[in-house]
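Q: Contents of query.cif (mmCIF, C-alpha atoms and all ligand atoms):
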data_my_file
#
loop_
_atom_site.label_atom_id
_atom_site.label_comp_id
_atom_site.auth_asym_id
_atom_site.auth_seq_id
_atom_site.Cartn_x
_atom_site.Cartn_y
_atom_site.Cartn_z
CA MET S 1 0.00 0.00 0.00
CA THR S 2 1.46 3.35 -1.05
CA GLU S 3 1.18 6.08 1.57
CA PHE S 4 0.81 9.72 0.54
CA ILE S 5 3.21 10.67 3.36
CA ASP S 6 4.68 7.66 5.19
CA LEU S 7 5.04 8.67 8.83
CA LYS S 8 4.90 5.02 9.91
CA ALA S 9 8.07 4.13 8.00
CA GLN S 10 9.80 7.10 9.60
CA TYR S 11 8.57 6.06 13.04
CA ALA S 12 9.90 2.53 12.60
CA ARG S 13 13.32 3.98 11.78
CA ILE S 14 13.57 6.19 14.89
CA GLN S 15 11.26 4.34 17.29
CA ASP S 16 13.83 3.49 20.00
CA ARG S 17 15.44 6.92 19.98
CA VAL S 18 12.23 8.91 19.84
CA GLU S 19 10.50 6.88 22.54
CA GLY S 20 13.62 7.24 24.71
CA ALA S 21 13.65 11.01 24.17
CA VAL S 22 9.94 11.38 24.99
CA ILE S 23 10.28 9.28 28.17
CA GLU S 24 13.30 11.33 29.21
CA ALA S 25 11.34 14.56 28.69
CA MET S 26 8.43 13.21 30.73
CA ARG S 27 10.66 11.98 33.56
CA GLY S 28 12.40 15.35 33.59
CA GLY S 29 9.09 16.95 34.56
CA GLN S 30 9.83 20.29 32.84
CA PHE S 31 6.94 20.11 30.43
CA ILE S 32 7.05 23.81 29.56
CA MET S 33 10.29 25.28 28.15
CA GLY S 34 12.32 22.27 29.27
CA PRO S 35 15.92 21.64 28.17
CA ALA S 36 14.86 20.00 24.87
CA VAL S 37 13.36 23.33 23.74
CA ALA S 38 16.62 25.26 24.15
CA GLU S 39 18.53 22.46 22.44
CA LEU S 40 16.09 22.48 19.52
CA GLU S 41 16.22 26.25 19.10
CA ALA S 42 20.03 26.23 18.98
CA ARG S 43 19.97 23.45 16.39
CA LEU S 44 17.29 25.16 14.27
CA ALA S 45 19.28 28.38 14.21
CA ALA S 46 22.49 26.54 13.28
CA TYR S 47 20.68 24.61 10.55
CA THR S 48 19.01 27.57 8.86
CA GLY S 49 21.78 30.10 9.46
CA ALA S 50 19.35 32.51 11.13
CA ARG S 51 20.71 34.18 14.27
CA HIS S 52 17.58 33.40 16.30
CA ALA S 53 15.14 30.50 16.21
CA ILE S 54 12.11 30.91 18.47
CA SER S 55 9.99 27.79 18.76
CA CYS S 56 6.24 28.18 19.11
CA ALA S 57 2.94 26.32 19.19
CA SER S 58 2.18 26.13 15.44
CA GLY S 59 3.01 27.58 12.05
CA THR S 60 -0.11 29.71 12.30
CA ASP S 61 0.99 31.10 15.67
CA ALA S 62 4.41 31.80 14.16
CA LEU S 63 2.77 34.02 11.52
CA VAL S 64 0.49 35.73 14.04
CA MET S 65 3.40 36.35 16.43
CA ALA S 66 5.57 37.74 13.63
CA LEU S 67 2.80 40.17 12.65
CA MET S 68 2.24 41.13 16.30
CA ALA S 69 5.97 41.75 16.75
CA LYS S 70 5.86 44.05 13.72
CA GLY S 71 2.98 45.94 15.34
CA VAL S 72 0.53 45.07 12.57
CA GLY S 73 -3.11 45.75 13.37
CA PRO S 74 -6.37 47.32 12.17
CA GLY S 75 -5.88 49.76 9.31
CA ASP S 76 -2.77 47.95 8.08
CA ALA S 77 -2.50 46.05 4.80
CA VAL S 78 -0.31 42.98 4.21
CA PHE S 79 0.27 41.49 0.76
CA THR S 80 0.07 37.72 0.28
CA VAL S 81 -0.94 35.07 -2.25
CA PRO S 82 -4.36 33.44 -2.70
CA PHE S 83 -2.87 30.07 -3.76
CA THR S 84 -1.74 28.77 -0.35
CA PHE S 85 -2.93 27.19 2.87
CA MET S 86 -5.52 29.21 4.80
CA ALA S 87 -3.12 30.30 7.54
CA SER S 88 -1.00 32.61 5.34
CA ALA S 89 -3.89 35.06 4.95
CA GLU S 90 -5.84 34.12 8.08
CA ALA S 91 -2.98 35.33 10.31
CA ILE S 92 -3.28 38.80 8.74
CA CYS S 93 -6.99 38.96 9.68
CA THR S 94 -6.31 37.51 13.14
CA VAL S 95 -4.32 40.64 14.03
CA GLY S 96 -7.07 42.82 12.52
CA ALA S 97 -5.21 43.81 9.34
CA THR S 98 -6.38 43.47 5.73
CA PRO S 99 -4.89 40.94 3.30
CA ILE S 100 -4.17 42.28 -0.20
CA PHE S 101 -3.94 39.31 -2.51
CA VAL S 102 -1.27 39.11 -5.21
CA ASP S 103 -1.27 36.45 -7.92
CA ILE S 104 1.38 33.75 -8.36
CA ASP S 105 3.89 32.83 -11.03
CA PRO S 106 2.40 29.93 -13.07
CA VAL S 107 5.69 27.99 -13.13
CA THR S 108 6.85 28.19 -9.50
CA PHE S 109 3.37 28.72 -7.91
CA ASN S 110 4.99 31.42 -5.77
CA LEU S 111 4.29 35.15 -5.41
CA ASP S 112 4.93 37.05 -8.65
CA PRO S 113 7.20 40.03 -7.77
CA LYS S 114 5.91 42.05 -10.76
CA ALA S 115 2.32 41.57 -9.60
CA LEU S 116 3.45 42.65 -6.12
CA GLU S 117 4.74 45.93 -7.58
CA ARG S 118 1.41 46.53 -9.32
CA ALA S 119 -0.53 45.72 -6.15
CA ILE S 120 1.55 48.19 -4.12
CA ALA S 121 0.99 50.92 -6.75
CA ALA S 122 -2.74 50.15 -6.90
CA LEU S 123 -3.11 50.41 -3.13
CA GLU S 124 -1.08 53.61 -2.95
CA THR S 125 -3.39 55.29 -5.45
CA ALA S 126 -6.50 53.31 -4.37
CA ASP S 127 -6.84 52.47 -8.06
CA PRO S 128 -8.22 48.96 -8.67
CA SER S 129 -7.71 49.29 -12.43
CA LEU S 130 -3.98 48.63 -11.83
CA HIS S 131 -4.54 45.46 -9.77
CA PRO S 132 -7.59 43.85 -8.08
CA LEU S 133 -8.02 45.30 -4.58
CA PRO S 134 -10.50 44.44 -1.83
CA ARG S 135 -13.86 45.99 -2.68
CA LEU S 136 -14.08 48.19 0.38
CA GLY S 137 -15.39 51.74 0.31
CA ALA S 138 -13.03 54.20 -1.42
CA GLN S 139 -12.36 55.85 1.93
CA ASP S 140 -11.53 52.60 3.76
CA LEU S 141 -9.25 51.57 0.92
CA ALA S 142 -7.42 54.89 0.89
CA ALA S 143 -7.01 54.66 4.68
CA LEU S 144 -5.10 51.37 4.55
CA THR S 145 -1.39 51.54 5.37
CA PRO S 146 0.76 49.04 3.45
CA ARG S 147 3.04 47.38 6.01
CA GLY S 148 4.48 44.13 4.71
CA VAL S 149 4.47 41.03 2.57
CA ILE S 150 3.96 37.38 3.50
CA ALA S 151 5.53 35.36 0.69
CA VAL S 152 4.90 31.61 0.72
CA ASP S 153 7.39 28.89 -0.28
CA LEU S 154 4.71 26.70 -1.78
CA PHE S 155 5.20 22.92 -1.90
CA GLY S 156 8.75 23.44 -0.53
CA LEU S 157 10.20 25.73 -3.20
CA PRO S 158 11.44 29.07 -1.84
CA ALA S 159 9.87 32.15 -3.42
CA ASP S 160 12.02 34.67 -5.30
CA TYR S 161 13.22 36.65 -2.25
CA GLN S 162 15.91 38.46 -4.20
CA ALA S 163 13.15 40.22 -6.15
CA ILE S 164 10.56 40.30 -3.33
CA ASN S 165 12.97 41.76 -0.76
CA ALA S 166 14.02 44.43 -3.27
CA VAL S 167 10.42 45.47 -4.06
CA ALA S 168 9.60 45.48 -0.34
CA ALA S 169 12.67 47.54 0.59
CA ALA S 170 11.89 50.11 -2.11
CA ASN S 171 8.42 50.52 -0.56
CA ASP S 172 9.41 50.35 3.10
CA LEU S 173 7.63 47.03 3.69
CA PHE S 174 8.76 44.11 5.85
CA VAL S 175 8.92 40.60 4.39
CA ILE S 176 7.83 37.45 6.22
CA GLU S 177 8.81 34.15 4.65
CA ASP S 178 6.05 31.57 5.15
CA ALA S 179 8.43 28.62 5.22
CA ALA S 180 5.85 26.18 6.62
CA GLN S 181 6.42 23.88 3.64
CA SER S 182 10.04 24.69 2.81
CA PHE S 183 12.15 23.81 5.86
CA GLY S 184 15.15 22.09 4.21
CA GLY S 185 14.80 24.05 0.96
CA MET S 186 17.25 26.73 -0.12
CA ARG S 187 18.36 29.28 -2.68
CA ASP S 188 22.00 29.94 -3.57
CA ASN S 189 23.00 27.96 -0.47
CA VAL S 190 20.88 30.14 1.84
CA ARG S 191 18.35 27.97 3.59
CA ALA S 192 14.62 28.58 3.90
CA GLY S 193 14.23 30.33 7.25
CA ALA S 194 16.99 32.80 6.40
CA LEU S 195 15.69 34.27 3.15
CA ALA S 196 13.75 37.23 4.55
CA GLU S 197 13.69 39.49 7.61
CA ILE S 198 11.45 37.02 9.45
CA ALA S 199 10.59 33.43 8.57
CA CYS S 200 7.89 31.19 9.99
CA THR S 201 7.77 27.42 9.78
CA SER S 202 5.44 24.66 10.93
CA PHE S 203 6.14 21.30 12.54
CA PHE S 204 2.69 19.90 11.76
CA PRO S 205 3.28 16.14 11.33
CA ALA S 206 2.96 16.15 7.53
CA LYS S 207 5.47 18.97 6.93
CA PRO S 208 9.07 18.14 5.91
CA LEU S 209 10.13 18.38 9.60
CA GLY S 210 7.13 17.37 11.69
CA CYS S 211 6.52 16.64 15.38
CA PHE S 212 3.83 14.47 16.98
CA GLY S 213 1.25 17.24 17.13
CA ASP S 214 1.32 20.97 16.49
CA GLY S 215 4.47 23.06 16.57
CA GLY S 216 6.29 25.83 14.75
CA ALA S 217 9.20 28.24 14.80
CA ILE S 218 10.10 31.80 13.89
CA PHE S 219 13.51 32.81 12.54
CA CYS S 220 15.16 36.23 12.47
CA ASP S 221 18.56 37.92 12.79
CA ASP S 222 17.47 40.99 14.75
CA ASP S 223 18.10 40.74 18.53
CA GLU S 224 15.37 43.23 19.47
CA LEU S 225 12.78 41.45 17.30
CA ALA S 226 13.76 38.10 18.83
CA MET S 227 13.30 39.54 22.32
CA VAL S 228 9.83 40.85 21.41
CA LEU S 229 8.85 37.49 19.89
CA LYS S 230 9.93 35.65 23.06
CA SER S 231 7.87 38.07 25.12
CA ILE S 232 4.80 37.64 22.89
CA ARG S 233 5.18 33.87 23.25
CA VAL S 234 4.37 34.19 26.98
CA HIS S 235 1.66 36.83 27.31
CA GLY S 236 3.90 39.78 26.65
CA GLN S 237 6.11 38.98 29.61
CA GLY S 238 8.58 41.67 30.70
CA SER S 239 11.70 41.25 32.78
CA HIS S 240 9.93 39.01 35.28
CA LYS S 241 7.14 36.49 35.12
CA TYR S 242 4.22 38.60 36.33
CA GLU S 243 5.18 41.78 34.56
CA ASN S 244 3.37 42.15 31.24
CA VAL S 245 4.63 44.84 28.91
CA ARG S 246 2.55 44.01 25.81
CA LEU S 247 -0.22 41.66 24.69
CA GLY S 248 0.85 38.17 23.75
CA LEU S 249 -0.44 34.63 23.77
CA THR S 250 0.26 31.11 24.99
CA GLY S 251 2.54 30.40 22.09
CA ARG S 252 5.12 27.93 23.40
CA LEU S 253 6.23 24.62 21.90
CA ASP S 254 5.85 21.68 24.33
CA THR S 255 9.06 20.13 25.69
CA VAL S 256 7.86 16.70 24.55
CA GLN S 257 7.45 17.96 20.96
CA ALA S 258 10.92 19.53 21.06
CA ALA S 259 12.33 16.17 22.19
CA VAL S 260 10.67 14.50 19.18
CA LEU S 261 12.03 17.15 16.81
CA ASN S 262 15.58 16.78 18.16
CA VAL S 263 15.52 13.11 17.20
CA LYS S 264 13.99 13.85 13.80
CA LEU S 265 16.65 16.49 13.11
CA ASP S 266 19.30 13.75 13.44
CA ILE S 267 17.94 12.08 10.31
CA PHE S 268 16.72 15.22 8.53
CA ASP S 269 19.69 15.67 6.17
CA ASP S 270 19.35 12.10 5.00
CA GLU S 271 15.58 12.49 4.60
CA MET S 272 16.09 15.64 2.55
CA GLU S 273 18.50 13.75 0.26
CA GLN S 274 15.93 10.99 -0.12
CA ARG S 275 13.28 13.56 -1.08
CA GLN S 276 15.62 14.87 -3.79
CA ARG S 277 16.09 11.30 -5.03
CA VAL S 278 12.31 10.72 -5.18
CA ALA S 279 11.81 14.01 -7.04
CA ARG S 280 14.49 13.02 -9.58
CA ALA S 281 12.83 9.61 -10.03
CA TYR S 282 9.48 11.31 -10.69
CA ALA S 283 11.02 13.75 -13.17
CA THR S 284 12.68 10.93 -15.12
CA ALA S 285 9.62 8.68 -15.12
CA LEU S 286 7.25 11.50 -16.09
CA ALA S 287 9.52 12.63 -18.94
CA GLN S 288 9.75 9.09 -20.28
CA SER S 289 6.00 8.52 -19.97
CA GLY S 290 5.09 11.21 -22.49
CA LEU S 291 2.04 12.02 -20.34
CA ASP S 292 0.32 15.36 -20.82
CA LEU S 293 1.36 16.56 -17.35
CA VAL S 294 3.66 19.41 -16.32
CA ALA S 295 6.24 18.26 -13.76
CA PRO S 296 7.35 20.74 -11.07
CA VAL S 297 10.11 23.16 -12.10
CA VAL S 298 12.96 24.01 -9.72
CA PRO S 299 14.73 27.10 -11.12
CA SER S 300 18.51 27.06 -11.16
CA GLY S 301 20.09 27.88 -7.80
CA TYR S 302 17.06 26.65 -5.83
CA GLN S 303 16.44 23.48 -3.83
CA SER S 304 12.89 22.47 -2.99
CA ALA S 305 12.15 20.74 0.32
CA TRP S 306 9.55 18.73 -1.61
CA ALA S 307 6.76 19.01 0.92
CA GLN S 308 4.57 18.10 -2.04
CA TYR S 309 5.23 16.80 -5.54
CA THR S 310 2.63 18.72 -7.52
CA VAL S 311 1.91 18.23 -11.20
CA VAL S 312 -0.34 20.21 -13.56
CA ALA S 313 -2.93 18.50 -15.80
CA ARG S 314 -4.33 20.06 -18.98
CA ASP S 315 -7.65 20.82 -17.30
CA ASP S 316 -9.98 19.74 -14.51
CA ALA S 317 -11.37 16.78 -16.48
CA ALA S 318 -7.89 15.47 -17.29
CA ARG S 319 -6.96 15.84 -13.61
CA THR S 320 -10.02 13.85 -12.51
CA ALA S 321 -9.12 11.08 -14.97
CA PHE S 322 -5.53 10.91 -13.65
CA GLN S 323 -6.70 10.80 -10.04
CA GLN S 324 -9.20 8.05 -10.86
CA ARG S 325 -6.48 5.94 -12.48
CA LEU S 326 -4.38 6.29 -9.34
CA ALA S 327 -7.32 5.50 -7.05
CA ALA S 328 -8.06 2.35 -9.08
CA GLN S 329 -4.62 1.09 -8.00
CA ASP S 330 -5.00 2.27 -4.38
CA ILE S 331 -2.56 5.14 -4.90
CA PRO S 332 -3.54 8.26 -2.96
CA SER S 333 -3.35 11.75 -4.48
CA MET S 334 -4.46 15.14 -3.18
CA ILE S 335 -5.44 18.55 -4.52
CA TYR S 336 -3.52 21.43 -2.94
CA TYR S 337 -5.46 23.68 -3.24
CA PRO S 338 -8.91 23.23 -4.76
CA LYS S 339 -10.14 26.77 -3.99
CA PRO S 340 -8.11 29.98 -3.86
CA LEU S 341 -8.33 32.02 -0.67
CA HIS S 342 -9.79 35.16 -2.28
CA VAL S 343 -13.06 33.34 -2.97
CA GLN S 344 -13.23 31.50 0.36
CA GLN S 345 -16.26 32.48 2.42
CA ALA S 346 -14.00 33.44 5.34
CA PHE S 347 -12.74 36.39 3.30
CA ALA S 348 -16.11 37.34 1.75
CA ASN S 349 -16.02 40.71 3.58
CA LEU S 350 -13.09 41.73 1.36
CA GLY S 351 -15.32 41.56 -1.71
CA TYR S 352 -12.90 39.72 -3.97
CA ARG S 353 -14.46 37.91 -6.93
CA GLU S 354 -13.73 35.01 -9.17
CA GLY S 355 -11.62 36.34 -12.04
CA ASP S 356 -9.50 38.58 -9.80
CA PHE S 357 -6.49 36.23 -9.75
CA ALA S 358 -6.49 34.22 -12.95
CA VAL S 359 -3.31 32.19 -12.41
CA SER S 360 -4.26 31.04 -8.90
CA GLU S 361 -7.76 30.15 -10.10
CA GLU S 362 -6.46 28.21 -13.07
CA MET S 363 -3.99 26.25 -10.94
CA CYS S 364 -6.72 25.32 -8.44
CA GLY S 365 -8.49 23.66 -11.37
CA ARG S 366 -5.46 21.81 -12.75
CA VAL S 367 -2.97 20.75 -10.03
CA PHE S 368 -2.75 17.56 -8.00
CA SER S 369 -0.07 16.14 -5.76
CA LEU S 370 1.47 12.67 -5.90
CA PRO S 371 2.78 10.63 -2.94
CA MET S 372 6.02 12.22 -1.72
CA HIS S 373 8.13 11.18 1.27
CA PRO S 374 11.70 9.99 1.92
CA TYR S 375 10.67 6.32 2.17
CA LEU S 376 9.25 6.04 -1.35
CA ALA S 377 11.41 3.68 -3.47
CA ASP S 378 12.29 4.52 -7.09
CA GLU S 379 10.32 1.42 -8.02
CA ASP S 380 7.22 2.84 -6.26
CA VAL S 381 7.63 6.06 -8.24
CA ARG S 382 7.76 4.12 -11.52
CA ARG S 383 4.62 2.19 -10.48
CA ILE S 384 2.80 5.46 -9.65
CA VAL S 385 3.71 6.99 -13.03
CA ALA S 386 2.70 3.76 -14.79
CA ALA S 387 -0.68 3.96 -13.01
CA LEU S 388 -1.13 7.53 -14.29
CA ALA S 389 -0.66 6.19 -17.81
CA ALA S 390 -2.83 3.07 -17.41
C1 LIG X 401 0.84 24.30 7.28
C2 LIG X 401 0.95 25.69 6.83
C3 LIG X 401 0.78 26.76 7.72
C4 LIG X 401 0.28 26.62 9.12
O1 LIG X 401 0.98 25.74 9.93
P1 LIG X 401 0.24 25.06 11.18
O2 LIG X 401 1.38 24.52 11.96
O3 LIG X 401 -0.68 24.02 10.64
O4 LIG X 401 -0.49 26.11 11.92
C5 LIG X 401 0.99 28.05 7.24
N1 LIG X 401 1.33 28.27 5.97
C6 LIG X 401 1.47 27.27 5.08
C7 LIG X 401 1.88 27.59 3.68
C8 LIG X 401 1.28 25.95 5.47
O5 LIG X 401 1.42 24.96 4.58
#
Represent the supplied structure as structure tokens.
Ligand SMILES: *Cc1c(COP(=O)(O)O)cnc(C)c1O
A:
Amino acid sequence: MTEFIDLKAQYARIQDRVEGAVIEAMRGGQFIMGPAVAELEARLAAYTGARHAISCASGTDALVMALMAKGVGPGDAVFTVPFTFMASAEAICTVGATPIFVDIDPVTFNLDPKALERAIAALETADPSLHPLPRLGAQDLAALTPRGVIAVDLFGLPADYQAINAVAAANDLFVIEDAAQSFGGMRDNVRAGALAEIACTSFFPAKPLGCFGDGGAIFCDDDELAMVLKSIRVHGQGSHKYENVRLGLTGRLDTVQAAVLNVKLDIFDDEMEQRQRVARAYATALAQSGLDLVAPVVPSGYQSAWAQYTVVARDDAARTAFQQRLAAQDIPSMIYYPKPLHVQQAFANLGYREGDFAVSEEMCGRVFSLPMHPYLADEDVRRIVAALAA
């Protein structure tokens, strides 16, 4: 039986070590901010090259905390993509700010820096003819203050931060890297987590580095920002426990989850190599198959973390046929994402409409993801591609 993401195979590999680490954490009795948390944070910082790694309760909390640390709130606007997981835009609304959606590049599925420039210009002049804006009253729109960008490294491939950081800097905007799917990815030997001013990742079990529940981390180089993030993590704590200098939340990562992650980090480099091997096997098999499917493109200088292996069918009907052929052979496949965020009911108050972001909408109708994990054999990959062609 082919698994979409094989966490059981991974567990079998690390069972003794991970169970030992969890028991040790439990016997230690420091369930909150125990020694495994500090160890993990040091290792995460060393791995990514970021000066600070601040663990937290989830990838969503990481985004919310980053926005809180930047002082984002009502009246502020933050640019992000509609072709992503809910949390990327949800976090902006959680702090009371307004998401301004920007379409993606059709090849990388990541934020299109040219579209970002147009969106910034449109918001500055409150002119929706330059770029689709939320359909708020003219006054509300003009009152919005552009503050930052959340770029997403979709499916594990880092976005084009060279271009995005430049556009943001020219417009006095901060950049947050949503690296929830890209931990282990890189560009020009700079790892995801260190590609923008702040990066947020997730340790949800199905992500490239996952724990046994919810978890996340925030990365940054700035000492002051790191201090604020640590304060936000515990109710805006000041210099002692019952002094509160700002609003925060209960945003900590459990010691037990940190213990799990420390064991998983020991095998992470090998797992990342295995993901590259599986991706190469897919690319070869798909090219040889002659199937009418677009394989994922990794531009030169980039490494994807391969959170997902996502292919593009000609249209929705062709996609359904491919998925049915896989299902007939008990091979799972998934659609990430079937509906773009700008037309989700949760954002209905922003007044976006179908047609606003053509590339995101088209991709929602054409993409599907194949099984991808480090324990997939080349032979399994060939069988999956053969099933697509059956
Ligand atoms: C998973 C994910 C998140 C949220 O992470 P959680 O840990 O589930 O809260 C945010 N952004 C993207 C792109 C994700 O894939």
Q: Counting only C-alpha atoms, which residue out of S:Ala89, S:Thr255, S:Leu154, S:Leu350 sits closest to Gly137 (chain S)?
A: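 Distance minimum relative to Gly137 (chain S) lands on S:Leu350.
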Q: Measuring atom to atom with only C-alpha atoms and all ligand atoms, identify which of S:Ala390, S:Ala206, S:Val294, S:Leu111 is nearest to ligand LIG 401 (chain X).
A: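 That would be S:Ala206, the residue with the smallest distance to ligand LIG 401 (chain X).
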Q: Can you work out the spacing between CA of Met86 (chain S) and CA of Thr145 (chain S) in Å, to one decimal?
A: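 Taking CA of Met86 (chain S) as the start and CA of Thr145 (chain S) as the end point, the length is 22.7 Å.
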Q: Got a sec: who's within 9 Å of Leu144 (chain S), counting only C-alpha atoms, leaving out chain neighbours fewer than 6 positions off, as a list in words?
A: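 The residues satisfying every condition are Pro74, Gly75, Asp76, Ala77, Ala97, Thr98, Leu123 and Glu124 of chain S.
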Q: Select the residues contacting ligand LIG 401 (chain X) at a distance of at most 9 Å, based on only C-alpha atoms and all ligand atoms, then format the selection as a PyMOL selection string.
A: chain S and resi 57-63+84-89+91+152-155+178-182+200-207+213-216+307
Q: Of the candidates S:Ala45, S:Ala53, S:Leu7, S:Val256, which one gets nearest to Gly20 (chain S) if we count all atoms listed in the file?
A: S:Val256
Q: As an exercise, work out the distance from CA of Val234 (chain S) to CA of Asn262 (chain S) in Å and give it to one decimal place.
A: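 Computed distance, CA of Val234 (chain S) to CA of Asn262 (chain S), equals 22.5 Å.
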Q: Can you measure CA of Val260 (chain S) to CA of Glu24 (chain S) for me? One decimal in Å is fine.
A: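 Calculated distance between CA of Val260 (chain S) and CA of Glu24 (chain S) is 10.8 Å.
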Q: Restrict the calculation to only C-alpha atoms, then for each residue of region 198-298 of chain S with any atom at most 7 Å from an atom of region 370-376 of chain S give the closest atom pair and their distance in Å to one decimal, rows by chain and rising residue number, as a Markdown table.
A:
| residue | atom | partner | partner_atom | distance |
| --- | --- | --- | --- | --- |
| S:Glu271 | CA | S:Pro374 | CA | 5.3 |
| S:Gln274 | CA | S:Pro374 | CA | 4.8 |
| S:Arg275 | CA | S:Pro374 | CA | 4.9 |
| S:Val278 | CA | S:Leu376 | CA | 6.8 |
Q: The residues within 8 Å of (6.6, 31.4, -3.9), using all atoms listed in the file and the coordinates of the file, should be reported as an MDAnalysis selection string; which are they?
A: chainID S and resid 104:105 108:112 151:154 157:160
Q: Which residues, written as a ChimeraX atom specification, have at least one atom at most 12 Å from Pro332 (chain S), with all atoms listed in the file counted and residues fewer than 3 positions away on the same chain left out?
A: /S:1-6,322-329,335,368-372,384,387-388
Q: Residues within 12 Å of Val228 (chain S), please, as a JSON list (two decimals) with C-alpha atoms, keeping the file's coordinate frame. Count all atoms listed in the file; anything in the same chain fewer than 2 positions from it doesn't count.
A:
[["chain", "number", "residue", "atom", "x", "y", "z"],
["S", 52, "HIS", "CA", 17.58, 33.40, 16.30],
["S", 54, "ILE", "CA", 12.11, 30.91, 18.47],
["S", 65, "MET", "CA", 3.40, 36.35, 16.43],
["S", 66, "ALA", "CA", 5.57, 37.74, 13.63],
["S", 67, "LEU", "CA", 2.80, 40.17, 12.65],
["S", 68, "MET", "CA", 2.24, 41.13, 16.30],
["S", 69, "ALA", "CA", 5.97, 41.75, 16.75],
["S", 70, "LYS", "CA", 5.86, 44.05, 13.72],
["S", 71, "GLY", "CA", 2.98, 45.94, 15.34],
["S", 218, "ILE", "CA", 10.10, 31.80, 13.89],
["S", 220, "CYS", "CA", 15.16, 36.23, 12.47],
["S", 222, "ASP", "CA", 17.47, 40.99, 14.75],
["S", 223, "ASP", "CA", 18.10, 40.74, 18.53],
["S", 224, "GLU", "CA", 15.37, 43.23, 19.47],
["S", 225, "LEU", "CA", 12.78, 41.45, 17.30],
["S", 226, "ALA", "CA", 13.76, 38.10, 18.83],
["S", 230, "LYS", "CA", 9.93, 35.65, 23.06],
["S", 231, "SER", "CA", 7.87, 38.07, 25.12],
["S", 232, "ILE", "CA", 4.80, 37.64, 22.89],
["S", 233, "ARG", "CA", 5.18, 33.87, 23.25],
["S", 234, "VAL", "CA", 4.37, 34.19, 26.98],
["S", 235, "HIS", "CA", 1.66, 36.83, 27.31],
["S", 236, "GLY", "CA", 3.90, 39.78, 26.65],
["S", 237, "GLN", "CA", 6.11, 38.98, 29.61],
["S", 238, "GLY", "CA", 8.58, 41.67, 30.70],
["S", 239, "SER", "CA", 11.70, 41.25, 32.78],
["S", 244, "ASN", "CA", 3.37, 42.15, 31.24],
["S", 245, "VAL", "CA", 4.63, 44.84, 28.91],
["S", 246, "ARG", "CA", 2.55, 44.01, 25.81],
["S", 247, "LEU", "CA", -0.22, 41.66, 24.69],
["S", 248, "GLY", "CA", 0.85, 38.17, 23.75]]
Q: Go through S:Gly148, S:Gly193, S:Gly351, S:Pro338 and flag the residue nearest Gly365 (chain S), using all atoms listed in the file for the distances.
A: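 Once distances to Gly365 (chain S) are computed over all atoms listed in the file, the minimum belongs to S:Pro338.
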Q: Please list as a list in words every residue within 10 Å of Ala21 (chain S), counting all atoms listed in the file and excluding residues in the same chain fewer than 5 positions away.
A: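 Neighbouring residues, sequence-local ones excluded: Gln15, Asp16, Met26, Arg27, Ala36, Val256, Gln257, Ala258, Ala259, Val260, Leu261, Asn262 and Val263 of chain S.
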Q: Which is closest to Ala196 (chain S) among S:Leu265, S:Leu133, S:Ala50, S:Val175, if we use all atoms listed in the file?
A: S:Val175
Q: Please determine, counting only C-alpha atoms, which residue among S:Ala194, S:Ile23, S:Val312, S:Ala138 has the shortest atom-to-atom distance to Met363 (chain S).
A: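 The shortest atom-to-atom distance to Met363 (chain S) comes from S:Val312.
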Q: Please identify all polymer residues within 9 Å of Asp316 (chain S), counting only C-alpha atoms, omitting same-chain residues fewer than 2 positions from it, and present them as a list in words.
A: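 Skipping anything fewer than 2 positions along the chain leaves Ala313, Arg314, Ala318, Arg319, Thr320, Ala321, Cys364, Gly365, Arg366 and Val367 of chain S.
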